[in-house]
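Next up, coords_15.cif (mmCIF, C-alpha atoms):
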```cif
data_work
#
loop_
_atom_site.label_atom_id
_atom_site.label_comp_id
_atom_site.auth_asym_id
_atom_site.auth_seq_id
_atom_site.Cartn_x
_atom_site.Cartn_y
_atom_site.Cartn_z
CA MET A 1 6.10 -7.18 -0.60
CA SER A 2 3.96 -8.00 -3.51
CA LEU A 3 1.40 -6.10 -5.48
CA GLN A 4 -1.35 -8.38 -4.18
CA ASN A 5 -0.62 -7.18 -0.62
CA ILE A 6 -1.32 -3.56 -1.47
CA LYS A 7 -4.21 -4.02 -3.91
CA LYS A 8 -6.55 -4.62 -0.98
CA TYR A 9 -6.16 -0.94 -0.04
CA LEU A 10 -7.38 0.30 -3.43
CA ARG A 11 -10.83 1.29 -4.62
CA LYS A 12 -10.39 -0.84 -7.72
CA ASP A 13 -13.54 0.44 -9.45
CA MET A 14 -11.79 3.85 -9.73
CA PHE A 15 -8.92 2.37 -11.77
CA PRO A 16 -7.15 3.04 -14.07
CA HIS A 17 -6.46 6.36 -12.36
CA ILE A 18 -6.60 9.73 -14.14
CA TRP A 19 -2.91 10.56 -13.76
CA CYS A 20 -1.11 10.92 -17.10
CA PRO A 21 1.10 8.13 -18.52
CA GLY A 22 4.50 8.46 -16.82
CA CYS A 23 3.27 10.64 -13.95
CA GLY A 24 5.12 9.80 -10.74
CA ASN A 25 2.14 10.26 -8.43
CA GLY A 26 1.19 6.60 -8.79
CA ILE A 27 4.69 5.54 -7.67
CA ILE A 28 4.29 7.59 -4.49
CA MET A 29 0.82 6.13 -3.90
CA ALA A 30 2.12 2.56 -4.29
CA SER A 31 5.05 3.31 -1.95
CA LEU A 32 2.67 4.74 0.63
CA LEU A 33 0.58 1.57 0.47
CA ARG A 34 3.70 -0.60 0.85
CA ALA A 35 4.71 1.46 3.89
CA ILE A 36 1.24 1.11 5.44
CA ASP A 37 1.30 -2.63 4.71
CA ALA A 38 4.78 -3.04 6.22
CA LEU A 39 3.70 -1.22 9.38
CA ALA A 40 0.54 -3.41 9.52
CA LEU A 41 -1.69 -0.42 10.31
CA ASP A 42 -5.42 -1.00 10.80
CA PRO A 43 -7.05 0.43 7.62
CA ASP A 44 -10.01 1.66 9.68
CA LYS A 45 -7.63 3.78 11.77
CA VAL A 46 -5.86 5.41 8.82
CA VAL A 47 -7.05 8.75 7.45
CA VAL A 48 -5.74 10.14 4.17
CA VAL A 49 -6.42 13.85 3.73
CA SER A 50 -5.62 15.48 0.42
CA GLY A 51 -5.84 18.96 -1.02
CA ILE A 52 -6.56 20.11 -4.55
CA GLY A 53 -4.49 19.32 -7.61
CA CYS A 54 -3.28 16.19 -9.32
CA SER A 55 -1.97 14.84 -6.00
CA GLY A 56 -5.36 15.52 -4.37
CA ARG A 57 -6.87 12.72 -6.42
CA ILE A 58 -5.11 10.16 -4.21
CA SER A 59 -7.93 10.26 -1.66
CA GLY A 60 -10.35 8.87 -4.24
CA TYR A 61 -8.22 5.82 -4.95
CA LEU A 62 -7.43 4.61 -1.45
CA ASP A 63 -9.82 2.52 0.60
CA PHE A 64 -9.11 4.15 3.99
CA ASN A 65 -10.99 6.97 5.62
CA THR A 66 -10.33 9.68 3.06
CA VAL A 67 -11.10 13.37 2.81
CA HIS A 68 -10.64 15.47 -0.32
CA THR A 69 -10.46 18.98 1.08
CA THR A 70 -10.13 22.53 -0.20
CA HIS A 71 -7.06 23.98 -1.89
CA GLY A 72 -4.11 24.31 0.48
CA ARG A 73 -6.13 23.48 3.59
CA ALA A 74 -5.44 19.75 3.81
CA LEU A 75 -3.22 20.29 6.87
CA ALA A 76 -5.87 22.39 8.60
CA TYR A 77 -8.47 19.64 8.15
CA ALA A 78 -5.95 17.02 9.23
CA THR A 79 -5.13 18.99 12.40
CA GLY A 80 -8.82 18.97 13.29
CA ILE A 81 -9.18 15.25 12.60
CA LYS A 82 -6.12 14.39 14.68
CA LEU A 83 -7.21 16.58 17.62
CA ALA A 84 -10.74 15.14 17.59
CA ASN A 85 -9.49 11.55 17.57
CA PRO A 86 -5.77 11.28 18.41
CA GLU A 87 -5.65 7.50 17.94
CA LEU A 88 -6.02 7.85 14.17
CA THR A 89 -3.00 7.80 11.88
CA VAL A 90 -3.43 10.89 9.74
CA ILE A 91 -1.54 11.12 6.43
CA VAL A 92 -1.73 14.31 4.42
CA ALA A 93 -1.07 14.35 0.66
CA MET A 94 -0.35 17.74 -0.87
CA GLY A 95 0.99 19.02 -4.14
CA ASP A 96 3.69 21.65 -4.45
CA GLY A 97 1.27 24.45 -5.29
CA ASP A 98 -1.13 23.19 -2.65
CA GLY A 99 1.44 22.82 0.13
CA SER A 100 3.86 25.65 -0.55
CA ALA A 101 1.77 28.41 -2.15
CA ILE A 102 -1.80 28.66 -0.89
CA GLY A 103 -1.15 26.28 2.01
CA GLY A 104 2.35 27.54 2.84
CA ASN A 105 1.30 29.05 6.13
CA HIS A 106 -0.55 25.93 7.21
CA LEU A 107 2.59 23.94 6.46
CA ILE A 108 5.01 26.02 8.54
CA HIS A 109 2.55 26.36 11.42
CA ALA A 110 1.76 22.64 11.50
CA ALA A 111 5.53 22.08 11.64
CA ARG A 112 5.95 24.72 14.37
CA ARG A 113 3.15 23.12 16.41
CA ASN A 114 4.78 19.71 15.84
CA ILE A 115 1.45 17.90 15.68
CA ASP A 116 1.60 14.15 14.98
CA LEU A 117 0.78 14.16 11.25
CA THR A 118 2.61 12.72 8.25
CA ALA A 119 2.67 15.21 5.39
CA ILE A 120 3.71 14.00 1.95
CA LEU A 121 4.40 16.74 -0.58
CA PHE A 122 4.23 15.62 -4.22
CA ASN A 123 6.68 18.07 -5.79
CA ASN A 124 6.25 18.00 -9.56
CA SER A 125 7.57 21.60 -9.81
CA ILE A 126 4.50 22.86 -11.66
CA TYR A 127 0.71 23.29 -11.38
CA GLY A 128 -0.14 20.21 -13.42
CA MET A 129 -3.92 20.12 -13.22
CA THR A 130 -4.56 23.71 -14.32
CA GLY A 131 -2.24 23.77 -17.32
CA GLY A 132 1.39 24.02 -16.28
CA GLN A 133 1.70 27.38 -14.52
CA PHE A 134 4.87 27.90 -12.44
CA SER A 135 4.61 27.18 -8.73
CA PRO A 136 6.76 28.36 -5.78
CA LEU A 137 8.82 25.20 -6.30
CA THR A 138 9.57 25.65 -10.02
CA PRO A 139 13.37 25.93 -10.22
CA PHE A 140 14.99 29.19 -11.37
CA GLU A 141 15.09 29.64 -15.17
CA LYS A 142 12.91 26.58 -15.82
CA ARG A 143 9.97 27.04 -18.17
CA ALA A 144 6.25 26.84 -17.50
CA SER A 145 3.14 27.95 -19.40
CA THR A 146 3.19 31.27 -17.50
CA ALA A 147 7.00 31.53 -17.75
CA PRO A 148 7.69 30.81 -21.44
CA TYR A 149 11.09 32.53 -21.28
CA GLY A 150 12.12 30.95 -18.00
CA ASN A 151 11.09 31.44 -14.39
CA VAL A 152 12.58 34.57 -12.78
CA ASP A 153 11.52 33.57 -9.27
CA HIS A 154 13.73 31.49 -7.04
CA PRO A 155 12.07 28.38 -5.57
CA PHE A 156 11.58 27.57 -1.92
CA ASP A 157 14.01 25.04 -0.52
CA LEU A 158 11.11 23.44 1.28
CA ALA A 159 12.72 20.67 3.33
CA PRO A 160 15.11 23.02 5.21
CA LEU A 161 12.23 25.51 5.61
CA VAL A 162 10.04 22.92 7.34
CA LYS A 163 13.04 21.73 9.34
CA SER A 164 13.68 25.22 10.70
CA ALA A 165 9.94 25.64 11.35
CA GLY A 166 10.29 22.81 13.88
CA ALA A 167 9.22 19.49 12.37
CA SER A 168 10.42 16.27 14.05
CA PHE A 169 11.16 14.40 10.84
CA VAL A 170 12.03 15.95 7.48
CA ALA A 171 13.19 14.04 4.41
CA ARG A 172 13.36 14.55 0.69
CA THR A 173 13.54 11.86 -1.95
CA THR A 174 12.46 11.24 -5.53
CA THR A 175 10.23 8.72 -7.26
CA PHE A 176 13.38 7.04 -8.61
CA HIS A 177 14.51 6.19 -5.05
CA VAL A 178 11.54 3.92 -4.34
CA PHE A 179 13.25 1.96 -1.56
CA ASN A 180 14.18 5.14 0.31
CA LEU A 181 10.73 6.55 -0.36
CA GLN A 182 9.04 3.61 1.35
CA LYS A 183 11.56 3.71 4.21
CA TYR A 184 11.07 7.44 4.81
CA LEU A 185 7.28 7.05 4.70
CA GLU A 186 7.51 4.28 7.30
CA ARG A 187 9.77 6.38 9.52
CA GLY A 188 7.50 9.40 9.07
CA ILE A 189 4.34 7.52 10.00
CA LYS A 190 6.04 5.93 13.03
CA LYS A 191 7.43 9.27 14.22
CA LYS A 192 5.58 10.95 17.08
CA GLY A 193 5.47 14.53 15.85
CA PHE A 194 5.21 16.34 12.54
CA SER A 195 6.85 14.40 9.69
CA PHE A 196 7.38 15.95 6.31
CA ILE A 197 8.43 13.96 3.26
CA GLU A 198 8.99 15.89 0.05
CA VAL A 199 8.96 13.65 -3.01
CA ILE A 200 10.24 14.92 -6.35
CA THR A 201 7.95 13.48 -9.00
CA GLY A 202 7.82 13.87 -12.74
CA CYS A 203 5.14 15.78 -14.64
CA PRO A 204 5.84 14.65 -18.22
CA THR A 205 2.78 16.43 -19.60
CA PHE A 206 3.83 19.95 -18.58
CA TYR A 207 7.16 20.23 -16.74
CA GLY A 208 8.90 17.57 -18.80
CA ARG A 209 7.58 18.92 -22.08
CA TYR A 210 8.25 22.64 -21.42
CA ASN A 211 11.76 21.94 -20.16
CA LYS A 212 12.58 19.34 -22.81
CA ILE A 213 13.37 16.66 -20.26
CA GLY A 214 11.15 14.13 -21.98
CA GLU A 215 8.56 11.62 -20.90
CA GLY A 216 8.01 9.77 -17.65
CA LEU A 217 10.97 7.45 -18.09
CA ASP A 218 13.33 10.33 -18.96
CA MET A 219 12.15 12.27 -15.90
CA ILE A 220 12.96 9.30 -13.65
CA LYS A 221 16.41 9.06 -15.24
CA TYR A 222 16.80 12.85 -14.75
CA GLN A 223 16.04 12.42 -11.05
CA LYS A 224 18.60 9.62 -10.85
CA GLU A 225 21.34 11.69 -12.53
CA HIS A 226 20.66 14.93 -10.64
CA SER A 227 20.26 13.57 -7.12
CA ILE A 228 22.91 14.03 -4.49
CA THR A 229 22.79 12.86 -0.89
CA TYR A 230 22.41 15.29 2.00
CA ASP A 231 25.79 14.33 3.49
CA ARG A 232 27.66 14.83 0.22
CA ALA A 233 25.89 18.13 -0.50
CA LYS A 234 27.18 19.63 2.77
CA ASN A 235 30.67 20.07 1.33
CA LEU A 236 29.62 21.51 -2.03
CA SER A 237 29.26 25.15 -3.04
CA GLU A 238 26.01 26.74 -4.19
CA GLU A 239 27.12 26.73 -7.85
CA GLU A 240 27.87 23.01 -7.75
CA LEU A 241 24.41 22.39 -6.29
CA ALA A 242 22.63 24.61 -8.84
CA ASP A 243 20.68 21.90 -10.69
CA LYS A 244 21.02 19.17 -8.08
CA ILE A 245 18.28 17.56 -6.01
CA VAL A 246 19.49 17.09 -2.44
CA VAL A 247 17.94 13.89 -1.11
CA GLY A 248 18.08 12.31 2.31
CA VAL A 249 16.97 12.83 5.89
CA PHE A 250 17.26 16.48 6.91
CA GLN A 251 15.93 16.14 10.43
CA ASP A 252 15.13 13.26 12.77
CA ILE A 253 14.76 14.33 16.39
CA GLU A 254 12.58 13.64 19.41
CA LYS A 255 10.71 16.65 20.79
CA PRO A 256 7.42 17.33 22.64
CA GLU A 257 4.42 16.63 20.43
CA TYR A 258 1.37 18.93 20.38
CA ILE A 259 -1.43 16.50 21.31
CA SER A 260 0.46 14.78 24.14
CA GLU A 261 1.34 18.22 25.58
CA TYR A 262 -2.30 19.27 25.24
CA GLU A 263 -3.49 16.14 27.02
CA LYS A 264 -0.99 16.75 29.82
CA ILE A 265 -2.52 20.17 30.46
CA ILE A 266 -6.06 18.71 30.55
CA GLU A 267 -4.96 16.03 33.01
CA ARG A 268 -3.10 18.50 35.23
CA GLU A 269 -5.98 20.97 35.42
CA HIS A 270 -8.54 18.25 36.15
CA HIS A 271 -6.55 16.94 39.11
CA GLU A 272 -6.36 20.29 40.86
CA MET B 273 23.62 -12.14 7.99
CA ALA B 274 23.93 -14.31 4.94
CA LEU B 275 22.56 -13.02 1.70
CA LYS B 276 19.32 -14.73 0.80
CA ALA B 277 19.19 -16.06 -2.73
CA LYS B 278 16.34 -14.44 -4.65
CA ALA B 279 13.45 -16.70 -5.51
CA LYS B 280 12.98 -17.63 -9.12
CA VAL B 281 10.35 -15.67 -10.99
CA ASP B 282 7.40 -17.72 -12.14
CA HIS B 283 5.77 -15.07 -14.30
CA ILE B 284 5.30 -11.30 -14.59
CA ASP B 285 1.67 -10.29 -14.56
CA ILE B 286 0.81 -7.12 -16.51
CA ASN B 287 -2.66 -5.68 -16.12
CA THR B 288 -3.14 -4.31 -19.64
CA SER B 289 -6.40 -2.58 -18.78
CA TRP B 290 -4.52 -0.40 -16.25
CA CYS B 291 -1.26 -0.04 -18.23
CA LYS B 292 -1.02 3.29 -20.06
CA GLY B 293 2.18 2.42 -21.92
CA CYS B 294 4.47 4.98 -20.27
CA GLY B 295 7.42 2.61 -20.76
CA ILE B 296 8.96 3.13 -17.29
CA CYS B 297 9.07 -0.62 -16.57
CA ILE B 298 10.58 -1.32 -20.00
CA GLY B 299 13.23 1.40 -19.72
CA MET B 300 14.23 0.79 -16.11
CA CYS B 301 14.55 -3.00 -16.38
CA PRO B 302 18.28 -3.77 -16.06
CA THR B 303 18.04 -6.91 -18.20
CA GLN B 304 15.49 -5.90 -20.88
CA VAL B 305 12.85 -8.44 -19.96
CA LEU B 306 9.92 -6.31 -21.13
CA GLU B 307 8.96 -4.71 -24.43
CA PHE B 308 6.06 -2.80 -26.01
CA ASP B 309 3.30 -4.83 -27.65
CA GLU B 310 1.39 -3.75 -30.77
CA ARG B 311 -0.95 -1.60 -28.63
CA PHE B 312 2.04 0.14 -26.95
CA LYS B 313 1.50 -1.59 -23.64
CA ALA B 314 4.12 -3.54 -21.73
CA ARG B 315 4.61 -7.21 -22.55
CA VAL B 316 6.97 -9.86 -21.20
CA ALA B 317 9.46 -10.81 -23.91
CA HIS B 318 12.39 -12.54 -22.17
CA LEU B 319 11.29 -13.95 -18.83
CA GLU B 320 14.44 -16.10 -18.62
CA LYS B 321 16.55 -12.93 -18.22
CA CYS B 322 14.58 -11.72 -15.18
CA ILE B 323 16.71 -11.34 -12.04
CA ASN B 324 13.74 -10.62 -9.72
CA CYS B 325 14.85 -7.08 -8.81
CA LYS B 326 11.21 -5.94 -8.96
CA LEU B 327 12.08 -2.46 -10.25
CA CYS B 328 9.24 -2.76 -12.80
CA GLU B 329 6.73 -3.49 -10.08
CA LEU B 330 8.02 -0.78 -7.72
CA LEU B 331 8.30 1.92 -10.39
CA CYS B 332 5.02 1.23 -12.19
CA PRO B 333 2.84 4.31 -11.61
CA GLU B 334 -0.27 2.40 -12.65
CA LEU B 335 0.16 -0.51 -10.18
CA ALA B 336 -0.19 -2.74 -13.22
CA VAL B 337 2.99 -4.87 -13.02
CA SER B 338 3.33 -7.73 -10.58
CA VAL B 339 6.34 -10.03 -10.36
CA GLU B 340 5.13 -13.44 -9.21
CA GLU B 341 7.71 -15.68 -7.58
CA ALA B 342 7.74 -19.44 -7.98
CA GLU B 343 6.54 -21.36 -4.93
CA ASN B 344 9.43 -22.54 -2.76
CA GLU B 345 9.51 -26.30 -2.35
#
```
Can I see the file as structure tokens?
Amino acid sequence: MSLQNIKKYLRKDMFPHIWCPGCGNGIIMASLLRAIDALALDPDKVVVVSGIGCSGRISGYLDFNTVHTTHGRALAYATGIKLANPELTVIVAMGDGDGSAIGGNHLIHAARRNIDLTAILFNNSIYGMTGGQFSPLTPFEKRASTAPYGNVDHPFDLAPLVKSAGASFVARTTTFHVFNLQKYLERGIKKKGFSFIEVITGCPTFYGRYNKIGEGLDMIKYQKEHSITYDRAKNLSEEELADKIVVGVFQDIEKPEYISEYEKIIEREHHE
Amino acid sequence: MALKAKAKVDHIDINTSWCKGCGICIGMCPTQVLEFDERFKARVAHLEKCINCKLCELLCPELAVSVEEAENE
């Protein structure tokens, strides 16, 4: 587990990347590479599909088969790729605006279908690339450029939403919990079925500045102080959980996967 | 399962052309091994304090820090 092991997966001529100093997206990218390295996947059989936004830039930095798709439609493209060639490992990188706002329907329907994809949602609680507008995951009363007096909307609790939509594996973690992050990514990639990993990441340029949390380091410390495990959160009231980040595995079950069910139908009809 | 003793750290490699000076490695290091240099990039100051936890390497968003272990004899 050394940096040299994961550098071979990078397009080094694209570095240093464009993410701001202290942005957590690079931590998620490095963890994803460590997970892929630990699973010893064939790089030619890995596809990384990304949407639009800061997180969407990840496809330019990784030396796999990569697709930078349209806003919110990363899962739709990934579904097509996986159906056309089921032996590929398809990893989808989305941002919070990408995955929960414009691509919200793709997300719940991919989970309902339970297709064998690994979706990673980079939740920085704000639209970072376009100037810090609030997203469907900006917490209540937190500030953004379009909510200078505090956000009046309540955010989605996305992990339980995807869980109830029918995903096989659902987890949430933060960029501070790097060991868990890598472990969840490994479990998600190995899982036959739809895996969803929501990662809370810091946006020091907009979210951290508007909400006076501070820079990248302070945002990581914020995540450390405000995280609470899924098992402990079960016994707490809503008020106690108001500014807490619930981390852990929300769902890990075995259920019929879309492509294997589809192939069963083809086989059955051909034999008759 | 016996606990494996951590290998001794030979050196910490910092890629200063990738480092953007966010200070995450410096702030998260439990033993204050790293510090800012005059260009506000990370620099190794006290290698002897390093306990090989690799938090700097794991938490570096720029993939610029690499903890190199000494070769085991």
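Residues with any atom within 10 Å of range 229-242 of chain A, counting only C-alpha atoms and excluding same-chain neighbours fewer than 3 positions away, are Pro139, Phe140, Ala171, Arg172, Thr173, His226, Ile245, Val246, Val247, Gly248, Val249 and Phe250 of chain A.
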Closest atom pairs, chain B residues within 8 Å of chain A, only C-alpha atoms, as a tab-separated table:
```
residue	atom	partner	partner_atom	distance
B:Ser289	CA	A:Pro16	CA	7.4
B:Trp290	CA	A:Pro16	CA	4.8
B:Cys291	CA	A:Pro16	CA	7.8
B:Lys292	CA	A:Pro21	CA	5.5
B:Gly293	CA	A:Pro21	CA	6.7
B:Cys294	CA	A:Gly22	CA	4.9
B:Gly295	CA	A:Leu217	CA	6.6
B:Ile296	CA	A:Leu217	CA	4.8
B:Gly299	CA	A:Leu217	CA	6.7
B:Met300	CA	A:Leu217	CA	7.7
B:Glu329	CA	A:Leu3	CA	7.5
B:Leu330	CA	A:Val178	CA	6.8
B:Leu331	CA	A:Ile27	CA	5.8
B:Cys332	CA	A:Ile27	CA	6.3
B:Pro333	CA	A:Gly26	CA	4.0
B:Glu334	CA	A:Gly26	CA	5.9
B:Leu335	CA	A:Ala30	CA	6.9
B:Val337	CA	A:Leu3	CA	7.8
B:Ser338	CA	A:Leu3	CA	5.7
B:Val339	CA	A:Ser2	CA	7.5
B:Glu340	CA	A:Ser2	CA	8.0
```
Atoms kept (C-alpha atoms) for selection, written as a CSV table (one decimal), in the coordinates of the input:
```csv
chain,number,residue,atom,x,y,z
B,289,SER,CA,-6.4,-2.6,-18.8
B,290,TRP,CA,-4.5,-0.4,-16.2
B,291,CYS,CA,-1.3,0.0,-18.2
B,292,LYS,CA,-1.0,3.3,-20.1
B,293,GLY,CA,2.2,2.4,-21.9
B,294,CYS,CA,4.5,5.0,-20.3
B,295,GLY,CA,7.4,2.6,-20.8
B,296,ILE,CA,9.0,3.1,-17.3
B,299,GLY,CA,13.2,1.4,-19.7
B,300,MET,CA,14.2,0.8,-16.1
B,329,GLU,CA,6.7,-3.5,-10.1
B,330,LEU,CA,8.0,-0.8,-7.7
B,331,LEU,CA,8.3,1.9,-10.4
B,332,CYS,CA,5.0,1.2,-12.2
B,333,PRO,CA,2.8,4.3,-11.6
B,334,GLU,CA,-0.3,2.4,-12.6
B,335,LEU,CA,0.2,-0.5,-10.2
B,337,VAL,CA,3.0,-4.9,-13.0
B,338,SER,CA,3.3,-7.7,-10.6
B,339,VAL,CA,6.3,-10.0,-10.4
B,340,GLU,CA,5.1,-13.4,-9.2
```
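Among the candidates B:Glu320, B:Ala342, B:Lys326, B:Thr288, the residue lying nearest to Phe308 in chain B is B:Thr288 (atoms considered: all atoms listed in the file).
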Given all atoms listed in the file as the counted atoms, nearest of A:Leu181, A:Ile108, A:Leu117, A:Ile102 to Tyr77 in chain A: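 Closest candidate: A:Leu117.
Reported to one decimal place, the separation of CA of Val67 in chain A from CA of Phe156 in chain A is 27.2 Å.
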For Arg209 in chain A: contacts at 12 Å, all atoms listed in the file, fewer than 2 positions along chain excluded, given as number ranges by chain: A: 126, 128, 131-132, 142-145, 148, 202-207, 211-216, 218-219
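CA of Leu33 in chain A sits 23.3 Å away from CA of Ala76 in chain A.
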Selected residue, from A:Tyr149, A:Tyr210, A:Phe64, A:Tyr127, that lies nearest to Ile91 in chain A when counting all atoms listed in the file: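 Residue with the minimum atom-to-atom distance to Ile91 in chain A: A:Phe64.
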Distance in Å - CA of Ala38 in chain A versus CA of Gln182 in chain A: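 Pair CA of Ala38 in chain A / CA of Gln182 in chain A returns 9.3 Å.
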Nearby residues (all atoms listed in the file) at most 8 Å from Ile197 in chain A, same-chain spacing under 6 positions excluded, as number ranges by chain: A: 118-121, 159, 170-173, 184-185, 188
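Once Cys301 in chain B and its same-chain neighbours fewer than 5 positions away are set aside, B:Ile296, B:Leu306, B:Cys322, B:Cys325, B:Lys326, B:Leu327, B:Cys328 remain within 9 Å of it when counting all atoms listed in the file.
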Selection dump of the PyMOL selection byres ((chain B and resi 280) around 10), as a PyMOL selection string: chain B and resi 277-279+281-283+320+322-324+340-344
Any chance you could work out the axis-aligned box around range 300-314 of chain B, listed atoms only, 8 Å on each side, giving centre and edge lengths in Å to one decimal, as JSON?
```
{"center_x": 8.7, "center_y": -3.8, "center_z": -23.4, "size_x": 35.2, "size_y": 25.2, "size_z": 30.7}
```
Residues in the PyMOL selection byres ((chain A and resi 56) around 9), expressed as an mmCIF file with C-alpha atoms, in the frame of the given file:
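The resulting file, result-v4.cif, is reproduced below:
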```
data_model
loop_
_atom_site.group_PDB
_atom_site.id
_atom_site.type_symbol
_atom_site.label_atom_id
_atom_site.label_comp_id
_atom_site.auth_asym_id
_atom_site.auth_seq_id
_atom_site.Cartn_x
_atom_site.Cartn_y
_atom_site.Cartn_z
ATOM 1 C CA VAL A 49 -6.420 13.850 3.730
ATOM 2 C CA SER A 50 -5.620 15.480 0.420
ATOM 3 C CA GLY A 51 -5.840 18.960 -1.020
ATOM 4 C CA ILE A 52 -6.560 20.110 -4.550
ATOM 5 C CA GLY A 53 -4.490 19.320 -7.610
ATOM 6 C CA CYS A 54 -3.280 16.190 -9.320
ATOM 7 C CA SER A 55 -1.970 14.840 -6.000
ATOM 8 C CA ARG A 57 -6.870 12.720 -6.420
ATOM 9 C CA ILE A 58 -5.110 10.160 -4.210
ATOM 10 C CA SER A 59 -7.930 10.260 -1.660
ATOM 11 C CA GLY A 60 -10.350 8.870 -4.240
ATOM 12 C CA HIS A 68 -10.640 15.470 -0.320
ATOM 13 C CA THR A 69 -10.460 18.980 1.080
ATOM 14 C CA HIS A 71 -7.060 23.980 -1.890
ATOM 15 C CA ALA A 93 -1.070 14.350 0.660
ATOM 16 C CA MET A 94 -0.350 17.740 -0.870
ATOM 17 C CA GLY A 95 0.990 19.020 -4.140
ATOM 18 C CA ASP A 98 -1.130 23.190 -2.650
#
```
Can I get range 307-323 of chain B with N, CA and C atoms filled in, as a PDB file, in the frame of the given file?
```
ATOM      1  N   GLU B 307       8.978  -5.481 -23.185  1.00  0.00           N
ATOM      2  CA  GLU B 307       8.960  -4.710 -24.430  1.00  0.00           C
ATOM      3  C   GLU B 307       7.543  -4.190 -24.660  1.00  0.00           C
ATOM      4  N   PHE B 308       7.389  -3.301 -25.652  1.00  0.00           N
ATOM      5  CA  PHE B 308       6.060  -2.800 -26.010  1.00  0.00           C
ATOM      6  C   PHE B 308       5.364  -3.846 -26.890  1.00  0.00           C
ATOM      7  N   ASP B 309       4.049  -3.990 -26.717  1.00  0.00           N
ATOM      8  CA  ASP B 309       3.300  -4.830 -27.650  1.00  0.00           C
ATOM      9  C   ASP B 309       2.710  -3.947 -28.763  1.00  0.00           C
ATOM     10  N   GLU B 310       1.883  -4.520 -29.619  1.00  0.00           N
ATOM     11  CA  GLU B 310       1.390  -3.750 -30.770  1.00  0.00           C
ATOM     12  C   GLU B 310       0.433  -2.631 -30.354  1.00  0.00           C
ATOM     13  N   ARG B 311      -0.091  -2.679 -29.119  1.00  0.00           N
ATOM     14  CA  ARG B 311      -0.950  -1.600 -28.630  1.00  0.00           C
ATOM     15  C   ARG B 311      -0.162  -0.624 -27.734  1.00  0.00           C
ATOM     16  N   PHE B 312       1.149  -0.692 -27.767  1.00  0.00           N
ATOM     17  CA  PHE B 312       2.040   0.140 -26.950  1.00  0.00           C
ATOM     18  C   PHE B 312       1.800  -0.026 -25.453  1.00  0.00           C
ATOM     19  N   LYS B 313       1.568  -1.256 -25.058  1.00  0.00           N
ATOM     20  CA  LYS B 313       1.500  -1.590 -23.640  1.00  0.00           C
ATOM     21  C   LYS B 313       2.644  -2.546 -23.353  1.00  0.00           C
ATOM     22  N   ALA B 314       2.985  -2.686 -22.073  1.00  0.00           N
ATOM     23  CA  ALA B 314       4.120  -3.540 -21.730  1.00  0.00           C
ATOM     24  C   ALA B 314       3.779  -5.014 -21.917  1.00  0.00           C
ATOM     25  N   ARG B 315       4.780  -5.778 -22.330  1.00  0.00           N
ATOM     26  CA  ARG B 315       4.610  -7.210 -22.550  1.00  0.00           C
ATOM     27  C   ARG B 315       5.906  -7.897 -22.129  1.00  0.00           C
ATOM     28  N   VAL B 316       5.776  -9.109 -21.594  1.00  0.00           N
ATOM     29  CA  VAL B 316       6.970  -9.860 -21.200  1.00  0.00           C
ATOM     30  C   VAL B 316       7.554 -10.520 -22.442  1.00  0.00           C
ATOM     31  N   ALA B 317       8.838 -10.248 -22.720  1.00  0.00           N
ATOM     32  CA  ALA B 317       9.460 -10.810 -23.910  1.00  0.00           C
ATOM     33  C   ALA B 317      10.500 -11.874 -23.557  1.00  0.00           C
ATOM     34  N   HIS B 318      11.283 -11.621 -22.503  1.00  0.00           N
ATOM     35  CA  HIS B 318      12.390 -12.540 -22.170  1.00  0.00           C
ATOM     36  C   HIS B 318      12.371 -12.835 -20.673  1.00  0.00           C
ATOM     37  N   LEU B 319      11.427 -13.656 -20.262  1.00  0.00           N
ATOM     38  CA  LEU B 319      11.290 -13.950 -18.830  1.00  0.00           C
ATOM     39  C   LEU B 319      12.543 -14.616 -18.264  1.00  0.00           C
ATOM     40  N   GLU B 320      13.259 -15.375 -19.111  1.00  0.00           N
ATOM     41  CA  GLU B 320      14.440 -16.100 -18.620  1.00  0.00           C
ATOM     42  C   GLU B 320      15.552 -15.151 -18.167  1.00  0.00           C
ATOM     43  N   LYS B 321      15.523 -13.888 -18.627  1.00  0.00           N
ATOM     44  CA  LYS B 321      16.550 -12.930 -18.220  1.00  0.00           C
ATOM     45  C   LYS B 321      16.244 -12.267 -16.881  1.00  0.00           C
ATOM     46  N   CYS B 322      15.027 -12.454 -16.379  1.00  0.00           N
ATOM     47  CA  CYS B 322      14.580 -11.720 -15.180  1.00  0.00           C
ATOM     48  C   CYS B 322      15.406 -12.106 -13.954  1.00  0.00           C
ATOM     49  N   ILE B 323      15.899 -11.080 -13.230  1.00  0.00           N
ATOM     50  CA  ILE B 323      16.710 -11.340 -12.040  1.00  0.00           C
ATOM     51  C   ILE B 323      15.928 -11.040 -10.756  1.00  0.00           C
TER      52      ILE B 323
END
```
